[in-house]
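Structure, as structure tokens:
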Amino acid sequence: MSDITARGAQITQARNLVTSIPGPRSQELMARKRQAVSSAIGTTMPVFAEAAFGGVIVDVDGNTLIDLGSGIAVTGVGNAAPRVVEAVTAQVNAFTHTCFMVTPYDGYVAVAEKLNALTPGTFEKRSALFNSGSEAVENAVKIARSYTKKNAVVAFDHAYHGRTNLTLALTAKNLPYKSGFGPFASEIYRAPMSYPFRDGLSGPEAAARAISQIEKQVGAENLAAIIIEPIQGEGGFIVPAEGFLNALVDWARANNVVFIADEVQTGFARTGAMFASEHFGIEPDLVVTAKGIAGGLPLSAVTGRAELMDAPQTGGLGGTYGGNPLACAAALATIETYEAEDLAAEARRIESQIREAFTAAQREDARIGDIRGHGAMMAIEFINPETGDPDGALTGKIAAAAHAQGVIVLTCGTYGNIIRFLPPLTIGADLLNEGLSVVLNALAAA
Ligand code: PLZ
């Protein structure tokens, strides 16, 4: 193992605060950020990172923070995972870039083979690699349009698919993502999502509502694709009712509509299965992946049915950096880590820890409206107990208090009233419990 790995392994997996949060060096850097970086780029934490390993991040003042966000669901294998560090170090010493479209290399092909084997469905598949989740979503839409020779795309309420122009059109939430940035790509339509905690509909009922709206407002003859997150991420970790996704898949298949699963946030063992689609027993035509694929290096992919993936003209898909060799080396090491360490099982262990902690708290605290999710993708939805209305203010207070205590937690949801847990799947039981009790104490104090 390289020296870098050895250094990471020396970081103790425990919370340790040596200054108030933010400390003086972070405050200095934040002042420089204000002068140098566009104010449109926000930050969740008020501290700057200096090192990280596994489930902790050390800030520039020497505070060790518990990471319950994984850089938004990216470092599922833990930060600076040893296999990833080693593979990237070896690759950087071999070559850094050639452009796969100019001089191809085997790492790209090996990642494609892995994705084809791991994604749901035993049919013949192909993959194409890109850099970000947004870019992969855009390409999935291009592929669906090329194959079906139709234009329209349906996305759902609360959806998040990215920040580029086409993906902003797919993304539901106005602030902060969309406001002032239009006009957006055309031929994008929105359908109602299944949101069991708020709509009380069964899966088949919610699907019938969505399909009826799609048929009335779009028409299957115009519709190239339906895109959906099997469990919604930014929109609030919404798990659709049983049967909802299956009915959509069946309808899509009967109508020559491509079913695209955006597994950017749910993918790679995060939910306790390699892909969230598996929980629902669906086989999407195209699966979009990113985030957890490469242990922190930028990489994304579209994987799916060979006849779809081969529909666009040769040269029709690509990009300078897509499937960069460092990112591919990282992805192979990352996927090996998920498999060798059975991190899907760790995700299920994380789920039971979170459920246990918050189910106990919910008995005494009616502000905890809903506890939901799968694996290491768990959400707590906070409400006003009298009205059932979302309580975003309370959620913000809890998150801020946890941050001040050295626990990195993220919020999400259309109404900003959800604390989401996305810890690295390698996080130890004690470290996780400590992080959860900080959040529970913050709730009790709020
Ligand atoms: N699809 C389901 O979750 C990214 C966004 C953070 P990129 N989610 C985190 C932010 O505020 O920008 C995401 C996602 C789903 C697509 C994307 C987009 O992936 O890699 O951020 O482009």
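Within each chain, counting starts at residue 1; across the structure tokens, chains are named A, B, ... in the order shown, with ligands numbered 1 upward in that order.
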
Write out as a PDB file with C-alpha atoms, in the first residue's frame which residues come within 12 Å of Asn131 (chain A) when counting only C-alpha atoms, dropping same-chain ones fewer than 2 positions away.
ATOM      1  CA  ALA A 128     -21.093   4.519 -22.267  1.00  0.00           C
ATOM      2  CA  LEU A 129     -19.085   6.561 -19.762  1.00  0.00           C
ATOM      3  CA  GLY A 133     -24.609  12.439 -13.240  1.00  0.00           C
ATOM      4  CA  SER A 134     -26.198  15.277 -15.187  1.00  0.00           C
ATOM      5  CA  GLU A 135     -24.161  14.477 -18.274  1.00  0.00           C
ATOM      6  CA  ALA A 136     -25.135  10.819 -18.130  1.00  0.00           C
ATOM      7  CA  VAL A 137     -28.831  11.699 -17.741  1.00  0.00           C
ATOM      8  CA  GLU A 138     -28.596  13.942 -20.826  1.00  0.00           C
ATOM      9  CA  ASN A 139     -27.058  11.093 -22.764  1.00  0.00           C
ATOM     10  CA  VAL A 264     -27.129   8.261  -9.617  1.00  0.00           C
ATOM     11  CA  VAL A 288     -27.890   5.974 -15.185  1.00  0.00           C
ATOM     12  CA  THR A 289     -25.103   5.793 -12.596  1.00  0.00           C
ATOM     13  CA  ALA A 290     -22.515   8.175 -11.115  1.00  0.00           C
ATOM     14  CA  LYS A 291     -21.583   9.214  -7.524  1.00  0.00           C
ATOM     15  CA  ILE A 293     -19.295   4.394  -8.909  1.00  0.00           C
ATOM     16  CA  ALA A 294     -15.704   5.565  -8.443  1.00  0.00           C
ATOM     17  CA  GLY A 296     -14.885  10.071  -5.338  1.00  0.00           C
ATOM     18  CA  LEU A 297     -13.414  10.409  -8.806  1.00  0.00           C
ATOM     19  CA  PRO A 298     -15.751  11.959 -11.365  1.00  0.00           C
ATOM     20  CA  LEU A 299     -17.338   9.244 -13.477  1.00  0.00           C
ATOM     21  CA  SER A 300     -20.835   8.438 -14.689  1.00  0.00           C
ATOM     22  CA  ALA A 301     -22.420   5.942 -17.018  1.00  0.00           C
ATOM     23  CA  VAL A 302     -25.429   4.940 -19.038  1.00  0.00           C
ATOM     24  CA  GLY A 318     -18.725  10.908 -26.286  1.00  0.00           C
ATOM     25  CA  GLY A 319     -16.729  13.745 -24.769  1.00  0.00           C
ATOM     26  CA  THR A 320     -13.109  14.641 -24.056  1.00  0.00           C
ATOM     27  CA  TYR A 321     -12.974  13.236 -20.539  1.00  0.00           C
ATOM     28  CA  GLY A 322     -15.756  10.640 -20.426  1.00  0.00           C
ATOM     29  CA  GLY A 323     -14.330   7.474 -18.848  1.00  0.00           C
ATOM     30  CA  ASN A 324     -11.050   9.150 -17.885  1.00  0.00           C
ATOM     31  CA  PRO A 325      -8.438   6.466 -17.078  1.00  0.00           C
ATOM     32  CA  LEU A 326      -7.977   7.586 -13.457  1.00  0.00           C
ATOM     33  CA  ALA A 327     -11.732   7.488 -12.902  1.00  0.00           C
ATOM     34  CA  CYS A 328     -11.958   4.041 -14.526  1.00  0.00           C
TER      35      CYS A 328
END

- Give the residues close to ligand 1, within 10 Å, counting only C-alpha atoms and all ligand atoms; write them as a PyMOL selection string. chain A and resi 41-43+71-74+130-138+159-164+167-168+170-171+176-177+228-235+261-267+288-291+298-300+412

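Taking only C-alpha atoms into account, Ala224 (chain A) lies nearest to A:Val257 out of the set A:Leu425, A:Val257, A:Ile398, A:Val239.
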
So which residues touch Phe48 (chain A) within 9 Å, counting only C-alpha atoms, skipping near sequence neighbours fewer than 5 positions away, as an mmCIF file with N, CA and C atoms, in the first residue's frame?
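File written: out.cif
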data_model
loop_
_atom_site.group_PDB
_atom_site.id
_atom_site.type_symbol
_atom_site.label_atom_id
_atom_site.label_comp_id
_atom_site.auth_asym_id
_atom_site.auth_seq_id
_atom_site.Cartn_x
_atom_site.Cartn_y
_atom_site.Cartn_z
ATOM 1 N N PRO A 22 -17.198 26.986 13.174
ATOM 2 C CA PRO A 22 -15.920 26.789 12.488
ATOM 3 C C PRO A 22 -14.759 27.346 13.305
ATOM 4 N N ARG A 25 -9.014 28.883 11.298
ATOM 5 C CA ARG A 25 -8.473 28.711 9.933
ATOM 6 C C ARG A 25 -9.609 28.528 8.916
ATOM 7 N N SER A 26 -10.666 27.828 9.321
ATOM 8 C CA SER A 26 -11.818 27.708 8.422
ATOM 9 C C SER A 26 -12.455 29.070 8.185
ATOM 10 N N GLN A 27 -12.524 29.871 9.236
ATOM 11 C CA GLN A 27 -13.122 31.209 9.077
ATOM 12 C C GLN A 27 -12.311 32.056 8.100
ATOM 13 N N LEU A 29 -10.440 30.905 5.652
ATOM 14 C CA LEU A 29 -10.658 30.374 4.299
ATOM 15 C C LEU A 29 -12.035 30.772 3.774
ATOM 16 N N MET A 30 -13.021 30.807 4.666
ATOM 17 C CA MET A 30 -14.363 31.202 4.230
ATOM 18 C C MET A 30 -14.344 32.659 3.754
ATOM 19 N N VAL A 58 -11.198 15.411 8.526
ATOM 20 C CA VAL A 58 -10.427 16.277 9.421
ATOM 21 C C VAL A 58 -10.390 17.665 8.795
ATOM 22 N N ASP A 59 -10.752 18.692 9.573
ATOM 23 C CA ASP A 59 -10.769 20.035 9.002
ATOM 24 C C ASP A 59 -9.428 20.739 9.233
ATOM 25 N N VAL A 60 -9.318 21.939 8.665
ATOM 26 C CA VAL A 60 -8.026 22.647 8.691
ATOM 27 C C VAL A 60 -7.647 23.122 10.095
ATOM 28 N N ASP A 61 -8.584 23.062 11.040
ATOM 29 C CA ASP A 61 -8.267 23.410 12.429
ATOM 30 C C ASP A 61 -7.981 22.176 13.277
#

- Task: For Gly55 (chain A), list every protein, DNA or RNA residue within 8 Å, evaluated using only C-alpha atoms, and leave out those in the same chain fewer than 4 positions away; present the list as a PyMOL selection string.
- Result: chain A and resi 13+66-68+70+78-79+423-424+426-428+431

Selected residues written out, all heavy atoms, as a compact mmCIF listing (two decimals), in the first residue's frame:
# COMPACT_ATOMS: atom_id res chain seq x y z
N GLN A 13 -10.94 6.89 13.67
CA GLN A 13 -12.35 6.96 13.29
C GLN A 13 -13.19 7.36 14.52
O GLN A 13 -13.94 6.55 15.07
CB GLN A 13 -12.81 5.62 12.71
CG GLN A 13 -12.09 5.24 11.41
CD GLN A 13 -12.45 6.17 10.26
OE1 GLN A 13 -13.60 6.29 9.88
NE2 GLN A 13 -11.44 6.84 9.70
N ILE A 66 -17.65 13.60 11.96
CA ILE A 66 -18.29 12.36 11.48
C ILE A 66 -19.02 12.67 10.18
O ILE A 66 -19.80 13.63 10.10
CB ILE A 66 -19.29 11.81 12.52
CG1 ILE A 66 -18.58 11.55 13.85
CG2 ILE A 66 -19.94 10.52 11.99
CD1 ILE A 66 -19.51 11.03 14.96
N ASP A 67 -18.76 11.86 9.18
CA ASP A 67 -19.32 12.11 7.85
C ASP A 67 -20.56 11.26 7.61
O ASP A 67 -20.46 10.07 7.31
CB ASP A 67 -18.25 11.80 6.79
CG ASP A 67 -18.73 12.09 5.38
OD1 ASP A 67 -19.82 12.69 5.24
OD2 ASP A 67 -18.02 11.72 4.43
N LEU A 68 -21.72 11.88 7.74
CA LEU A 68 -22.97 11.13 7.45
C LEU A 68 -23.55 11.54 6.09
O LEU A 68 -24.73 11.33 5.83
CB LEU A 68 -23.99 11.36 8.58
CG LEU A 68 -23.56 10.92 9.99
CD1 LEU A 68 -24.70 11.09 10.98
CD2 LEU A 68 -23.04 9.48 10.00
N SER A 70 -21.20 11.44 3.00
CA SER A 70 -20.37 10.85 1.92
C SER A 70 -20.22 11.78 0.72
O SER A 70 -20.15 11.31 -0.42
CB SER A 70 -20.95 9.51 1.43
OG SER A 70 -21.07 8.59 2.48
N GLY A 78 -16.05 4.52 1.62
CA GLY A 78 -15.26 5.27 2.59
C GLY A 78 -14.34 6.24 1.86
O GLY A 78 -13.99 6.02 0.70
N ASN A 79 -13.99 7.30 2.56
CA ASN A 79 -13.11 8.29 1.92
C ASN A 79 -11.71 7.72 1.78
O ASN A 79 -11.22 7.02 2.66
CB ASN A 79 -13.08 9.57 2.76
CG ASN A 79 -13.00 10.79 1.87
OD1 ASN A 79 -12.13 10.87 1.01
ND2 ASN A 79 -13.91 11.73 2.05
N PRO A 423 -24.32 7.81 5.07
CA PRO A 423 -22.95 7.59 5.54
C PRO A 423 -22.18 6.67 4.60
O PRO A 423 -22.80 5.91 3.84
CB PRO A 423 -23.16 6.89 6.90
CG PRO A 423 -24.50 6.27 6.81
CD PRO A 423 -25.33 7.16 5.93
N PRO A 424 -20.86 6.71 4.66
CA PRO A 424 -20.08 5.70 3.94
C PRO A 424 -20.52 4.33 4.45
O PRO A 424 -20.83 4.17 5.64
CB PRO A 424 -18.63 5.98 4.37
CG PRO A 424 -18.63 7.36 4.92
CD PRO A 424 -20.01 7.63 5.43
N THR A 426 -18.88 1.86 4.96
CA THR A 426 -17.84 1.28 5.82
C THR A 426 -17.87 1.86 7.22
O THR A 426 -17.04 1.49 8.05
CB THR A 426 -16.45 1.54 5.22
OG1 THR A 426 -16.32 2.96 5.02
CG2 THR A 426 -16.26 0.84 3.89
N ILE A 427 -18.78 2.77 7.50
CA ILE A 427 -18.78 3.43 8.81
C ILE A 427 -19.01 2.39 9.91
O ILE A 427 -19.85 1.51 9.78
CB ILE A 427 -19.84 4.56 8.87
CG1 ILE A 427 -19.57 5.48 10.08
CG2 ILE A 427 -21.26 3.99 8.90
CD1 ILE A 427 -20.40 6.77 10.04
N GLY A 428 -18.24 2.50 10.98
CA GLY A 428 -18.38 1.56 12.09
C GLY A 428 -19.67 1.82 12.85
O GLY A 428 -20.22 2.93 12.84
N LEU A 431 -19.24 4.67 15.54
CA LEU A 431 -19.14 6.01 14.96
C LEU A 431 -20.51 6.47 14.46
O LEU A 431 -20.92 7.62 14.68
CB LEU A 431 -18.13 6.00 13.81
CG LEU A 431 -17.69 7.35 13.26
CD1 LEU A 431 -16.96 8.17 14.32
CD2 LEU A 431 -16.81 7.19 12.02

- Task: May I ask for the distance between CA of Lys125 (chain A) and CA of Leu248 (chain A), given in Å to one decimal place?
- Result: 21.3 Å

Would you give me, as CSV, each residue of region 259-378 of chain A having an atom within 10 Å of an atom of region 251-254 of chain A, along with its shortest atom pair and that distance in Å to one decimal, using only C-alpha atoms and sorting by chain and residue number?
residue,atom,partner,partner_atom,distance
A:Phe259,CA,A:Ala252,CA,6.3
A:Pro284,CA,A:Arg253,CA,9.9
A:Asp285,CA,A:Arg253,CA,9.1

Produce a file of the selected residues containing C-alpha atoms, as an mmCIF file, in the first residue's frame.
data_model
loop_
_atom_site.group_PDB
_atom_site.id
_atom_site.type_symbol
_atom_site.label_atom_id
_atom_site.label_comp_id
_atom_site.auth_asym_id
_atom_site.auth_seq_id
_atom_site.Cartn_x
_atom_site.Cartn_y
_atom_site.Cartn_z
ATOM 1 C CA PHE A 259 -37.831 3.338 -19.039
ATOM 2 C CA PRO A 284 -35.004 -0.671 -16.503
ATOM 3 C CA ASP A 285 -34.144 -0.311 -20.179
#

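Every residue of region 31-68 of chain A with a DSSP assignment of alpha helix (DSSP H), taken from the backbone, is listed as Ala31, Arg32, Lys33, Arg34, Gln35 and Ala36 of chain A.
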
- Skipping near chain neighbours, those fewer than 5 positions away, what residues fall within 6 Å of region 341-346 of chain A using only C-alpha atoms, listed as a ChimeraX atom specification? /A:269,272-273,425

Selected residues written out, N, CA and C atoms, as a CSV table (one decimal), in the first residue's frame:
chain,number,residue,atom,x,y,z
A,269,ALA,N,-24.8,-0.4,-4.0
A,269,ALA,CA,-24.9,-1.0,-2.7
A,269,ALA,C,-25.5,0.0,-1.7
A,272,GLY,N,-28.6,-1.1,0.1
A,272,GLY,CA,-28.6,-2.5,0.6
A,272,GLY,C,-28.7,-3.5,-0.5
A,273,ALA,N,-28.9,-3.0,-1.8
A,273,ALA,CA,-28.8,-3.9,-2.9
A,273,ALA,C,-27.8,-3.2,-3.9
A,425,LEU,N,-20.6,3.3,3.6
A,425,LEU,CA,-21.1,2.0,4.0
A,425,LEU,C,-20.1,1.3,4.9

- Query: Could you write out, as a PyMOL selection string, all the residues of region 45-285 of chain A that DSSP marks as strand (DSSP E)?
  - Reply: chain A and resi 49-53+56-59+64-67+125-130+152-156+188-191+223-228+258-262
